[in-house]
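J.: Have a look at this one.
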Amino acid sequence: MDFFTVEFFTALLTIVFIDLILAGDNAIVIGLAARKLPQHQQKKAVIWGTVGAVGIRVIATLLVVQLLSVPWLNLVGGLLLLWIAFKLLVQEDNHDNIKAGNTLWQSIRTIIIADAAMGIDNVIAVAGAAKGSSHGEHEIILVILGLIISVPVVVWGSTLFIKLINKFEWIVYIGSAVLAYTASKMITHEKQFHGALDENKAIYWTFIIVVIILTVGAGYLVNKRKQAAGQKSSQSH
């Protein structure tokens, strides 16, 4: 198997970036779930909670990769991922339902369950990026390598990454564009279209560019509208 190709590394970089851009929420959940524990147990909860969450995510992603061979699932997954790309830009932060665990096991369980529930977007995105690389036999390695690289960053560098996103808003827009790119590639790989979208390079790239512009543009416009509404209400008070 030839790993040292531009396409393999591009797919791996895409997966790592997706893992990081969608991991901000997971990092907050990990922190919230372990916050009531004594300090010496907090690190254990974070490590074991993350190990459990990663295990579930690897299995779920590999299952989704296999499922993408089923007719129309590439289209469904691509459309779902476009919605995730849009929601990433206009999301409301709400973590009120995350209860802190009082014991080590409770915290670990909370981290695993919350991560599994929130990791669905991540699973679809990573499976799409792995499937989108033409190296069929590399899909498993891409998924596992991507998680191995990005998980330590999420666990130990999460707060730094969240600060970075808050300071440089454009990072989220790049993240949304990467997700829209992955989603549009998933849609073009839908076998039921019989190559209508991916055989002609001009049609293929036009479709991808239009999808990215529409997704990021829609998110940008909604955010501008929100800002304007927020300013109006603060002026009226």
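How things are named: the first chain in the structure tokens is A, the next is B, and so on; residues count from 1 in each chain; ligands count from 1 in the order shown.
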Just the residues within 12 Å of Glu199 in chain A, please, counting only C-alpha atoms, with nothing from its chain fewer than 5 positions along; format it as a PyMOL selection string.
T.: chain A and resi 188-191+193-194+204-205
J.: Would you kindly return, as a list in words, each protein, DNA or RNA residue with an atom no farther than 7 Å from any atom of range 106-110 of chain A, considering only C-alpha atoms and excluding same-chain residues fewer than 6 positions away?
T.: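 Surrounding residues, per the criterion: Ala33, Ala34, Ala45, Trp48, Gly49 and Ala100 of chain A.
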J.: Check the smallest atom-to-atom distance from each of A:Ile56, A:Ile47, A:Val211, A:Ile21 to Ile144 in chain A using only C-alpha atoms, then report the winner.
T.: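 Counting only C-alpha atoms, the residue closest to Ile144 in chain A is A:Ile56.
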J.: Find the distance between CA of Ala125 in chain A and CA of Gly175 in chain A and write it in Å to one decimal.
T.: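 One can read the CA of Ala125 in chain A to CA of Gly175 in chain A distance as 11.3 Å.
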